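What's in protein26.pdb: PDB, C-alpha atoms
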```pdb
MODEL        1
ATOM      1  CA  MET X   1      28.084 -27.777 -43.207  1.00  0.00           C
ATOM      2  CA  GLY X   2      24.440 -27.843 -42.065  1.00  0.00           C
ATOM      3  CA  LEU X   3      23.199 -27.310 -38.547  1.00  0.00           C
ATOM      4  CA  ASP X   4      22.038 -30.933 -38.334  1.00  0.00           C
ATOM      5  CA  GLN X   5      25.429 -32.285 -39.443  1.00  0.00           C
ATOM      6  CA  ASP X   6      27.473 -30.407 -36.864  1.00  0.00           C
ATOM      7  CA  ALA X   7      25.388 -29.311 -33.905  1.00  0.00           C
ATOM      8  CA  HIS X   8      28.512 -28.350 -31.979  1.00  0.00           C
ATOM      9  CA  ALA X   9      29.754 -25.710 -34.418  1.00  0.00           C
ATOM     10  CA  ALA X  10      30.521 -22.464 -32.681  1.00  0.00           C
ATOM     11  CA  TYR X  11      28.134 -19.658 -33.550  1.00  0.00           C
ATOM     12  CA  ALA X  12      31.049 -17.505 -34.681  1.00  0.00           C
ATOM     13  CA  ASP X  13      32.079 -20.201 -37.171  1.00  0.00           C
ATOM     14  CA  LEU X  14      28.654 -20.338 -38.858  1.00  0.00           C
ATOM     15  CA  SER X  15      28.014 -18.932 -42.300  1.00  0.00           C
ATOM     16  CA  SER X  16      25.685 -15.952 -42.517  1.00  0.00           C
ATOM     17  CA  SER X  17      22.776 -18.137 -43.701  1.00  0.00           C
ATOM     18  CA  GLU X  18      23.324 -20.572 -40.810  1.00  0.00           C
ATOM     19  CA  ARG X  19      23.454 -17.656 -38.369  1.00  0.00           C
ATOM     20  CA  ARG X  20      20.167 -16.373 -39.778  1.00  0.00           C
ATOM     21  CA  ARG X  21      18.632 -19.812 -39.200  1.00  0.00           C
ATOM     22  CA  VAL X  22      19.854 -19.920 -35.598  1.00  0.00           C
ATOM     23  CA  ILE X  23      18.584 -16.392 -34.912  1.00  0.00           C
ATOM     24  CA  THR X  24      15.285 -17.059 -36.697  1.00  0.00           C
ATOM     25  CA  HIS X  25      14.751 -20.204 -34.609  1.00  0.00           C
ATOM     26  CA  ALA X  26      15.600 -18.327 -31.395  1.00  0.00           C
ATOM     27  CA  THR X  27      13.315 -15.438 -32.365  1.00  0.00           C
ATOM     28  CA  LEU X  28      10.415 -17.779 -33.142  1.00  0.00           C
ATOM     29  CA  ARG X  29      10.942 -19.670 -29.868  1.00  0.00           C
ATOM     30  CA  THR X  30      10.987 -16.363 -27.960  1.00  0.00           C
ATOM     31  CA  ALA X  31       7.931 -15.017 -29.793  1.00  0.00           C
ATOM     32  CA  LEU X  32       5.992 -18.213 -29.044  1.00  0.00           C
ATOM     33  CA  SER X  33       6.968 -18.052 -25.371  1.00  0.00           C
ATOM     34  CA  LEU X  34       5.944 -14.400 -25.152  1.00  0.00           C
ATOM     35  CA  ALA X  35       2.648 -15.148 -26.913  1.00  0.00           C
ATOM     36  CA  VAL X  36       1.850 -17.847 -24.336  1.00  0.00           C
ATOM     37  CA  ILE X  37       2.736 -15.475 -21.468  1.00  0.00           C
ATOM     38  CA  ILE X  38       0.573 -12.680 -22.928  1.00  0.00           C
ATOM     39  CA  ILE X  39      -2.372 -15.012 -23.586  1.00  0.00           C
ATOM     40  CA  VAL X  40      -2.243 -16.336 -20.030  1.00  0.00           C
ATOM     41  CA  PHE X  41      -2.043 -12.767 -18.723  1.00  0.00           C
ATOM     42  CA  ILE X  42      -5.091 -11.771 -20.776  1.00  0.00           C
ATOM     43  CA  ILE X  43      -7.299 -14.769 -19.980  1.00  0.00           C
ATOM     44  CA  VAL X  44      -6.572 -15.122 -16.250  1.00  0.00           C
ATOM     45  CA  PRO X  45      -9.124 -12.948 -14.457  1.00  0.00           C
ATOM     46  CA  ALA X  46      -7.625 -10.924 -11.612  1.00  0.00           C
ATOM     47  CA  GLY X  47     -10.851 -11.316  -9.645  1.00  0.00           C
ATOM     48  CA  ASP X  48     -10.495 -15.102  -9.579  1.00  0.00           C
ATOM     49  CA  LEU X  49      -6.941 -14.785  -8.303  1.00  0.00           C
ATOM     50  CA  ALA X  50      -8.102 -12.372  -5.599  1.00  0.00           C
ATOM     51  CA  SER X  51     -10.814 -14.748  -4.365  1.00  0.00           C
ATOM     52  CA  GLY X  52      -8.347 -17.588  -3.781  1.00  0.00           C
ATOM     53  CA  THR X  53      -6.042 -18.164  -0.841  1.00  0.00           C
ATOM     54  CA  PRO X  54      -4.021 -15.002  -0.170  1.00  0.00           C
ATOM     55  CA  GLY X  55      -0.485 -15.357  -1.391  1.00  0.00           C
ATOM     56  CA  LEU X  56      -1.139 -18.616  -3.231  1.00  0.00           C
ATOM     57  CA  GLY X  57      -0.910 -16.965  -6.661  1.00  0.00           C
ATOM     58  CA  LEU X  58       2.368 -15.275  -5.793  1.00  0.00           C
ATOM     59  CA  THR X  59       3.766 -18.483  -4.313  1.00  0.00           C
ATOM     60  CA  VAL X  60       2.791 -20.452  -7.426  1.00  0.00           C
ATOM     61  CA  GLY X  61       4.335 -17.689  -9.560  1.00  0.00           C
ATOM     62  CA  VAL X  62       7.607 -17.750  -7.622  1.00  0.00           C
ATOM     63  CA  VAL X  63       7.792 -21.551  -7.876  1.00  0.00           C
ATOM     64  CA  LEU X  64       7.045 -21.295 -11.611  1.00  0.00           C
ATOM     65  CA  ILE X  65       9.795 -18.726 -12.140  1.00  0.00           C
ATOM     66  CA  VAL X  66      12.354 -20.700 -10.116  1.00  0.00           C
ATOM     67  CA  GLY X  67      11.430 -23.820 -12.087  1.00  0.00           C
ATOM     68  CA  MET X  68      11.716 -21.936 -15.388  1.00  0.00           C
ATOM     69  CA  ILE X  69      15.113 -20.551 -14.359  1.00  0.00           C
ATOM     70  CA  ALA X  70      16.377 -24.071 -13.594  1.00  0.00           C
ATOM     71  CA  LEU X  71      14.970 -25.435 -16.865  1.00  0.00           C
ATOM     72  CA  GLU X  72      16.406 -22.605 -18.955  1.00  0.00           C
ATOM     73  CA  LEU X  73      19.830 -22.907 -17.289  1.00  0.00           C
ATOM     74  CA  PHE X  74      19.853 -26.621 -18.086  1.00  0.00           C
ATOM     75  CA  ARG X  75      18.810 -25.903 -21.681  1.00  0.00           C
ATOM     76  CA  THR X  76      21.406 -23.135 -22.032  1.00  0.00           C
ATOM     77  CA  VAL X  77      24.260 -25.392 -20.966  1.00  0.00           C
ATOM     78  CA  ARG X  78      23.049 -28.131 -23.340  1.00  0.00           C
ATOM     79  CA  ASP X  79      22.267 -25.844 -26.313  1.00  0.00           C
ATOM     80  CA  PRO X  80      24.689 -25.908 -29.254  1.00  0.00           C
ATOM     81  CA  TYR X  81      24.564 -22.079 -29.251  1.00  0.00           C
ATOM     82  CA  PRO X  82      24.423 -21.268 -25.522  1.00  0.00           C
ATOM     83  CA  GLU X  83      24.993 -17.527 -25.943  1.00  0.00           C
ATOM     84  CA  VAL X  84      21.894 -17.205 -28.123  1.00  0.00           C
ATOM     85  CA  ARG X  85      19.867 -19.393 -25.770  1.00  0.00           C
ATOM     86  CA  ALA X  86      20.988 -17.379 -22.720  1.00  0.00           C
ATOM     87  CA  ALA X  87      19.884 -14.082 -24.286  1.00  0.00           C
ATOM     88  CA  THR X  88      16.467 -15.378 -25.294  1.00  0.00           C
ATOM     89  CA  SER X  89      15.977 -17.095 -21.933  1.00  0.00           C
ATOM     90  CA  LEU X  90      16.665 -13.878 -20.042  1.00  0.00           C
ATOM     91  CA  PHE X  91      14.176 -11.997 -22.195  1.00  0.00           C
ATOM     92  CA  VAL X  92      11.425 -14.567 -21.604  1.00  0.00           C
ATOM     93  CA  LEU X  93      12.147 -14.863 -17.873  1.00  0.00           C
ATOM     94  CA  VAL X  94      11.929 -11.085 -17.376  1.00  0.00           C
ATOM     95  CA  ALA X  95       8.603 -11.069 -19.258  1.00  0.00           C
ATOM     96  CA  LEU X  96       7.376 -13.891 -17.014  1.00  0.00           C
ATOM     97  CA  LEU X  97       8.518 -12.007 -13.928  1.00  0.00           C
ATOM     98  CA  VAL X  98       6.686  -8.842 -15.008  1.00  0.00           C
ATOM     99  CA  THR X  99       3.528 -10.772 -15.833  1.00  0.00           C
ATOM    100  CA  MET X 100       3.534 -12.681 -12.553  1.00  0.00           C
ATOM    101  CA  PHE X 101       3.864  -9.538 -10.451  1.00  0.00           C
ATOM    102  CA  ALA X 102       1.352  -7.609 -12.567  1.00  0.00           C
ATOM    103  CA  LEU X 103      -1.243 -10.351 -12.048  1.00  0.00           C
ATOM    104  CA  THR X 104      -0.465 -10.336  -8.331  1.00  0.00           C
ATOM    105  CA  TYR X 105      -0.897  -6.554  -8.084  1.00  0.00           C
ATOM    106  CA  ALA X 106      -4.134  -6.609 -10.090  1.00  0.00           C
ATOM    107  CA  ALA X 107      -5.509  -9.377  -7.836  1.00  0.00           C
ATOM    108  CA  MET X 108      -4.449  -7.477  -4.706  1.00  0.00           C
ATOM    109  CA  SER X 109      -6.193  -4.367  -6.003  1.00  0.00           C
ATOM    110  CA  VAL X 110      -9.410  -6.306  -6.695  1.00  0.00           C
ATOM    111  CA  SER X 111      -9.438  -7.788  -3.190  1.00  0.00           C
ATOM    112  CA  ASN X 112      -8.435  -4.483  -1.535  1.00  0.00           C
ATOM    113  CA  PRO X 113      -8.852  -1.376  -3.730  1.00  0.00           C
ATOM    114  CA  ALA X 114      -7.005   0.697  -1.092  1.00  0.00           C
ATOM    115  CA  ALA X 115      -3.863  -1.470  -1.374  1.00  0.00           C
ATOM    116  CA  PHE X 116      -2.446   1.039  -3.890  1.00  0.00           C
ATOM    117  CA  THR X 117      -2.894   4.766  -4.309  1.00  0.00           C
ATOM    118  CA  GLU X 118      -5.348   3.964  -7.113  1.00  0.00           C
ATOM    119  CA  PRO X 119      -7.168   0.784  -8.110  1.00  0.00           C
ATOM    120  CA  LEU X 120      -5.105  -1.300 -10.539  1.00  0.00           C
ATOM    121  CA  ASP X 121      -6.517  -3.019 -13.570  1.00  0.00           C
ATOM    122  CA  LYS X 122      -4.176  -5.272 -15.549  1.00  0.00           C
ATOM    123  CA  SER X 123      -2.898  -2.373 -17.657  1.00  0.00           C
ATOM    124  CA  ASN X 124      -2.029  -0.239 -14.634  1.00  0.00           C
ATOM    125  CA  ALA X 125      -0.551  -3.296 -12.928  1.00  0.00           C
ATOM    126  CA  ILE X 126       1.834  -3.885 -15.866  1.00  0.00           C
ATOM    127  CA  TYR X 127       2.766  -0.192 -15.807  1.00  0.00           C
ATOM    128  CA  PHE X 128       3.421  -0.280 -12.052  1.00  0.00           C
ATOM    129  CA  THR X 129       5.438  -3.505 -12.341  1.00  0.00           C
ATOM    130  CA  VAL X 130       7.639  -2.147 -15.130  1.00  0.00           C
ATOM    131  CA  THR X 131       8.257   1.173 -13.355  1.00  0.00           C
ATOM    132  CA  THR X 132       9.268  -0.794 -10.270  1.00  0.00           C
ATOM    133  CA  LEU X 133      11.481  -3.143 -12.306  1.00  0.00           C
ATOM    134  CA  SER X 134      13.193  -0.253 -14.070  1.00  0.00           C
ATOM    135  CA  THR X 135      13.557   1.635 -10.761  1.00  0.00           C
ATOM    136  CA  THR X 136      11.875   4.611 -12.422  1.00  0.00           C
ATOM    137  CA  GLY X 137       9.107   4.817  -9.823  1.00  0.00           C
ATOM    138  CA  PHE X 138       7.221   7.868 -11.061  1.00  0.00           C
ATOM    139  CA  GLY X 139       5.253   8.038  -7.807  1.00  0.00           C
ATOM    140  CA  ASP X 140       1.833   8.152  -9.444  1.00  0.00           C
ATOM    141  CA  ILE X 141       1.056   4.659  -8.165  1.00  0.00           C
ATOM    142  CA  ALA X 142       2.398   3.434  -4.847  1.00  0.00           C
ATOM    143  CA  ALA X 143       1.687   0.614  -2.414  1.00  0.00           C
ATOM    144  CA  ASN X 144      -0.491   1.727   0.514  1.00  0.00           C
ATOM    145  CA  SER X 145      -1.160  -1.409   2.514  1.00  0.00           C
ATOM    146  CA  PRO X 146       1.505  -3.330   4.436  1.00  0.00           C
ATOM    147  CA  THR X 147       0.813  -6.433   2.336  1.00  0.00           C
ATOM    148  CA  ALA X 148       1.217  -4.504  -0.920  1.00  0.00           C
ATOM    149  CA  ARG X 149       4.457  -3.001   0.372  1.00  0.00           C
ATOM    150  CA  TRP X 150       5.789  -6.458   1.229  1.00  0.00           C
ATOM    151  CA  VAL X 151       4.913  -7.786  -2.213  1.00  0.00           C
ATOM    152  CA  VAL X 152       6.566  -4.768  -3.870  1.00  0.00           C
ATOM    153  CA  THR X 153       9.635  -5.397  -1.723  1.00  0.00           C
ATOM    154  CA  VAL X 154       9.699  -9.020  -2.883  1.00  0.00           C
ATOM    155  CA  GLN X 155       9.452  -7.790  -6.480  1.00  0.00           C
ATOM    156  CA  MET X 156      12.353  -5.384  -5.973  1.00  0.00           C
ATOM    157  CA  LEU X 157      14.482  -8.233  -4.603  1.00  0.00           C
ATOM    158  CA  PHE X 158      13.515 -10.467  -7.522  1.00  0.00           C
ATOM    159  CA  ASP X 159      14.298  -7.598  -9.887  1.00  0.00           C
ATOM    160  CA  LEU X 160      17.793  -7.274  -8.451  1.00  0.00           C
ATOM    161  CA  ILE X 161      18.265 -11.002  -8.860  1.00  0.00           C
ATOM    162  CA  ALA X 162      16.881 -10.892 -12.411  1.00  0.00           C
ATOM    163  CA  VAL X 163      18.877  -7.907 -13.593  1.00  0.00           C
ATOM    164  CA  VAL X 164      22.187  -8.662 -11.918  1.00  0.00           C
ATOM    165  CA  GLY X 165      22.148 -12.278 -10.827  1.00  0.00           C
ATOM    166  CA  LEU X 166      20.375 -13.962 -13.703  1.00  0.00           C
ATOM    167  CA  ALA X 167      22.386 -12.100 -16.306  1.00  0.00           C
ATOM    168  CA  ARG X 168      25.577 -13.288 -14.642  1.00  0.00           C
ATOM    169  CA  VAL X 169      24.311 -16.841 -14.164  1.00  0.00           C
ATOM    170  CA  PHE X 170      23.270 -17.121 -17.816  1.00  0.00           C
ATOM    171  CA  VAL X 171      26.633 -15.783 -18.980  1.00  0.00           C
ATOM    172  CA  LEU X 172      28.293 -18.490 -16.888  1.00  0.00           C
ATOM    173  CA  ALA X 173      25.877 -21.115 -18.258  1.00  0.00           C
ATOM    174  CA  ALA X 174      26.690 -20.028 -21.802  1.00  0.00           C
ATOM    175  CA  LYS X 175      30.418 -20.320 -21.045  1.00  0.00           C
ATOM    176  CA  ALA X 176      29.851 -23.774 -19.549  1.00  0.00           C
ATOM    177  CA  GLY X 177      27.908 -24.780 -22.645  1.00  0.00           C
ATOM    178  CA  ARG X 178      30.690 -23.528 -24.881  1.00  0.00           C
ATOM    179  CA  ALA X 179      33.307 -25.399 -22.790  1.00  0.00           C
ATOM    180  CA  ARG X 180      31.194 -28.563 -22.937  1.00  0.00           C
ATOM    181  CA  ARG X 181      30.869 -28.217 -26.693  1.00  0.00           C
ATOM    182  CA  THR X 182      34.627 -27.619 -27.110  1.00  0.00           C
ATOM    183  CA  LYS X 183      35.463 -30.604 -24.897  1.00  0.00           C
ATOM    184  CA  SER X 184      33.033 -32.799 -26.822  1.00  0.00           C
ATOM    185  CA  ALA X 185      34.498 -31.675 -30.158  1.00  0.00           C
ATOM    186  CA  ALA X 186      38.057 -32.302 -28.883  1.00  0.00           C
ATOM    187  CA  ALA X 187      37.095 -35.794 -27.742  1.00  0.00           C
ATOM    188  CA  GLY X 188      35.647 -36.456 -31.189  1.00  0.00           C
ATOM    189  CA  ASP X 189      38.815 -35.144 -32.905  1.00  0.00           C
ATOM    190  CA  SER X 190      41.094 -37.346 -30.800  1.00  0.00           C
ATOM    191  CA  GLY X 191      39.025 -40.401 -31.636  1.00  0.00           C
ATOM    192  CA  GLY X 192      38.467 -41.138 -27.980  1.00  0.00           C
ATOM    193  CA  ASP X 193      42.183 -41.753 -27.300  1.00  0.00           C
ATOM    194  CA  ALA X 194      42.475 -41.968 -23.514  1.00  0.00           C
ATOM    195  CA  SER X 195      46.141 -40.958 -23.526  1.00  0.00           C
ATOM    196  CA  SER X 196      45.464 -37.406 -24.786  1.00  0.00           C
TER     197      SER X 196
ENDMDL
END
```

For the structure just supplied, provide its representation as structure tokens.
Amino acid sequence: MGLDQDAHAAYADLSSSERRRVITHATLRTALSLAVIIIVFIIVPAGDLASGTPGLGLTVGVVLIVGMIALELFRTVRDPYPEVRAATSLFVLVALLVTMFALTYAAMSVSNPAAFTEPLDKSNAIYFTVTTLSTTGFGDIAANSPTARWVVTVQMLFDLIAVVGLARVFVLAAKAGRARRTKSAAAGDSGGDASS
């Protein structure tokens, strides 16, 4: 049984070689997504973001993340292996969240070097974002300005949603995808008999 012949086979029912193919495909898709996120992070100059309309970059980032969440939920429910898709989607969405906030912090630091306890380049911005996401908060970098504090507060709220809410939502989407797949397989087994 190949993956193309039976796209609705449950992951647990796959042979080890088929599982490797599913995982390899998911890993490649995740690696490509992460590569795009990293390339965008590297090539987008923080100074250009800082010279634009204040808050526009963050607003665009939030809209992008909400759009990506909706798209990935749709794809997870439709995927033949929703559990695998949910795990890779969460990984990519957290990376996107970290990148978006790191770019925002770096841009804020360029436009107002006193916004944080030390000026943030992209490297320090990633570090600060991850310590905030992980709730480690070493205290070596902190928000000084009211605007920076508000943005950090928004990140903390998004982090709670990402860690708790998104994980739960993707588990539910994976279950819905599995139920959809099971229902579709049952309809195929019954030959479309309306009386069953």

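In this structure, atom CA of X:Arg181 sits 16.4 Å away from atom CA of X:Val22.
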
Q) Hey, which of X:Gly165, X:Ala179, X:Ala12, X:Leu160 ends up closest to X:Val84? Count all atoms listed in the file. A)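 When distances to X:Val84 are compared using all atoms listed in the file, the smallest one comes from X:Ala12.
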
Q) Pick the closest to X:Ala95 from X:Leu71, X:Asn112, X:Tyr81, X:Thr129: which is it, counting all atoms listed in the file? A)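 The answer is X:Thr129, which sits nearest to X:Ala95.
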
Q. Closest to X:Ala114 among X:Ser16, X:Asn144, X:Ser33, X:Thr59, using all atoms listed in the file?
A.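 For X:Ala114, the nearest of the given residues is X:Asn144.
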
**Q.** Point-to-point distance in Å for atom CA of X:Thr136 and atom CA of X:Leu120
**A.** 18.1 Å

Q) Using all atoms listed in the file, which of the listed residues (X:Met156, X:Met108, X:Ala26, X:Val92) sits closest to X:Ala46? A)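 Among the listed residues, X:Met108 lies closest to X:Ala46.
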
Q | Exercise: residues within 10 Å of coordinate (-5.2, 0.4, 4.7), counting all atoms listed in the file, as number ranges by chain | A | X: 112-116, 143-148

Q: Go through X:Thr117, X:Ala167, X:Ser123, X:Glu72 and flag the residue nearest X:Arg149, using all atoms listed in the file for the distances.
A: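 For X:Arg149, the nearest of the candidates is X:Thr117.
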
Give me stretch 161-186 of chain X with N, CA and C atoms filled in, as a compact mmCIF listing (two decimals), in the frame of the given file.
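Output below, filename result.txt:
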```txt
# COMPACT_ATOMS: atom_id res chain seq x y z
N ILE X 161 17.77 -9.68 -8.47
CA ILE X 161 18.26 -11.00 -8.86
C ILE X 161 18.18 -11.15 -10.37
N ALA X 162 17.07 -10.73 -10.96
CA ALA X 162 16.88 -10.89 -12.41
C ALA X 162 17.87 -10.05 -13.20
N VAL X 163 18.03 -8.80 -12.81
CA VAL X 163 18.88 -7.91 -13.59
C VAL X 163 20.35 -8.24 -13.41
N VAL X 164 20.77 -8.44 -12.19
CA VAL X 164 22.19 -8.66 -11.92
C VAL X 164 22.52 -10.15 -11.88
N GLY X 165 21.82 -10.88 -11.04
CA GLY X 165 22.15 -12.28 -10.83
C GLY X 165 21.89 -13.17 -12.02
N LEU X 166 20.69 -13.08 -12.59
CA LEU X 166 20.38 -13.96 -13.70
C LEU X 166 21.25 -13.68 -14.92
N ALA X 167 21.52 -12.42 -15.18
CA ALA X 167 22.39 -12.10 -16.31
C ALA X 167 23.74 -12.77 -16.11
N ARG X 168 24.28 -12.68 -14.93
CA ARG X 168 25.58 -13.29 -14.64
C ARG X 168 25.51 -14.82 -14.73
N VAL X 169 24.45 -15.39 -14.16
CA VAL X 169 24.31 -16.84 -14.16
C VAL X 169 24.18 -17.36 -15.60
N PHE X 170 23.42 -16.66 -16.44
CA PHE X 170 23.27 -17.12 -17.82
C PHE X 170 24.55 -16.94 -18.62
N VAL X 171 25.33 -15.93 -18.32
CA VAL X 171 26.63 -15.78 -18.98
C VAL X 171 27.51 -16.98 -18.60
N LEU X 172 27.52 -17.33 -17.33
CA LEU X 172 28.29 -18.49 -16.89
C LEU X 172 27.78 -19.79 -17.52
N ALA X 173 26.45 -19.92 -17.63
CA ALA X 173 25.88 -21.12 -18.26
C ALA X 173 26.27 -21.18 -19.73
N ALA X 174 26.28 -20.05 -20.40
CA ALA X 174 26.69 -20.03 -21.80
C ALA X 174 28.16 -20.43 -21.93
N LYS X 175 29.00 -19.93 -21.02
CA LYS X 175 30.42 -20.32 -21.04
C LYS X 175 30.57 -21.81 -20.77
N ALA X 176 29.79 -22.34 -19.84
CA ALA X 176 29.85 -23.77 -19.55
C ALA X 176 29.40 -24.58 -20.76
N GLY X 177 28.37 -24.10 -21.44
CA GLY X 177 27.91 -24.78 -22.64
C GLY X 177 28.96 -24.76 -23.74
N ARG X 178 29.62 -23.63 -23.88
CA ARG X 178 30.69 -23.53 -24.88
C ARG X 178 31.84 -24.47 -24.51
N ALA X 179 32.22 -24.52 -23.23
CA ALA X 179 33.31 -25.40 -22.79
C ALA X 179 32.93 -26.86 -23.01
N ARG X 180 31.67 -27.20 -22.72
CA ARG X 180 31.19 -28.56 -22.94
C ARG X 180 31.26 -28.93 -24.41
N ARG X 181 30.85 -27.99 -25.25
CA ARG X 181 30.87 -28.22 -26.69
C ARG X 181 32.30 -28.39 -27.19
N THR X 182 33.22 -27.55 -26.71
CA THR X 182 34.63 -27.62 -27.11
C THR X 182 35.24 -28.94 -26.66
N LYS X 183 34.94 -29.35 -25.42
CA LYS X 183 35.46 -30.60 -24.90
C LYS X 183 34.93 -31.79 -25.70
N SER X 184 33.64 -31.73 -26.04
CA SER X 184 33.03 -32.80 -26.82
C SER X 184 33.65 -32.87 -28.22
N ALA X 185 33.88 -31.71 -28.82
CA ALA X 185 34.50 -31.68 -30.16
C ALA X 185 35.93 -32.19 -30.09
N ALA X 186 36.67 -31.85 -29.03
CA ALA X 186 38.06 -32.30 -28.88
C ALA X 186 38.10 -33.82 -28.69
```
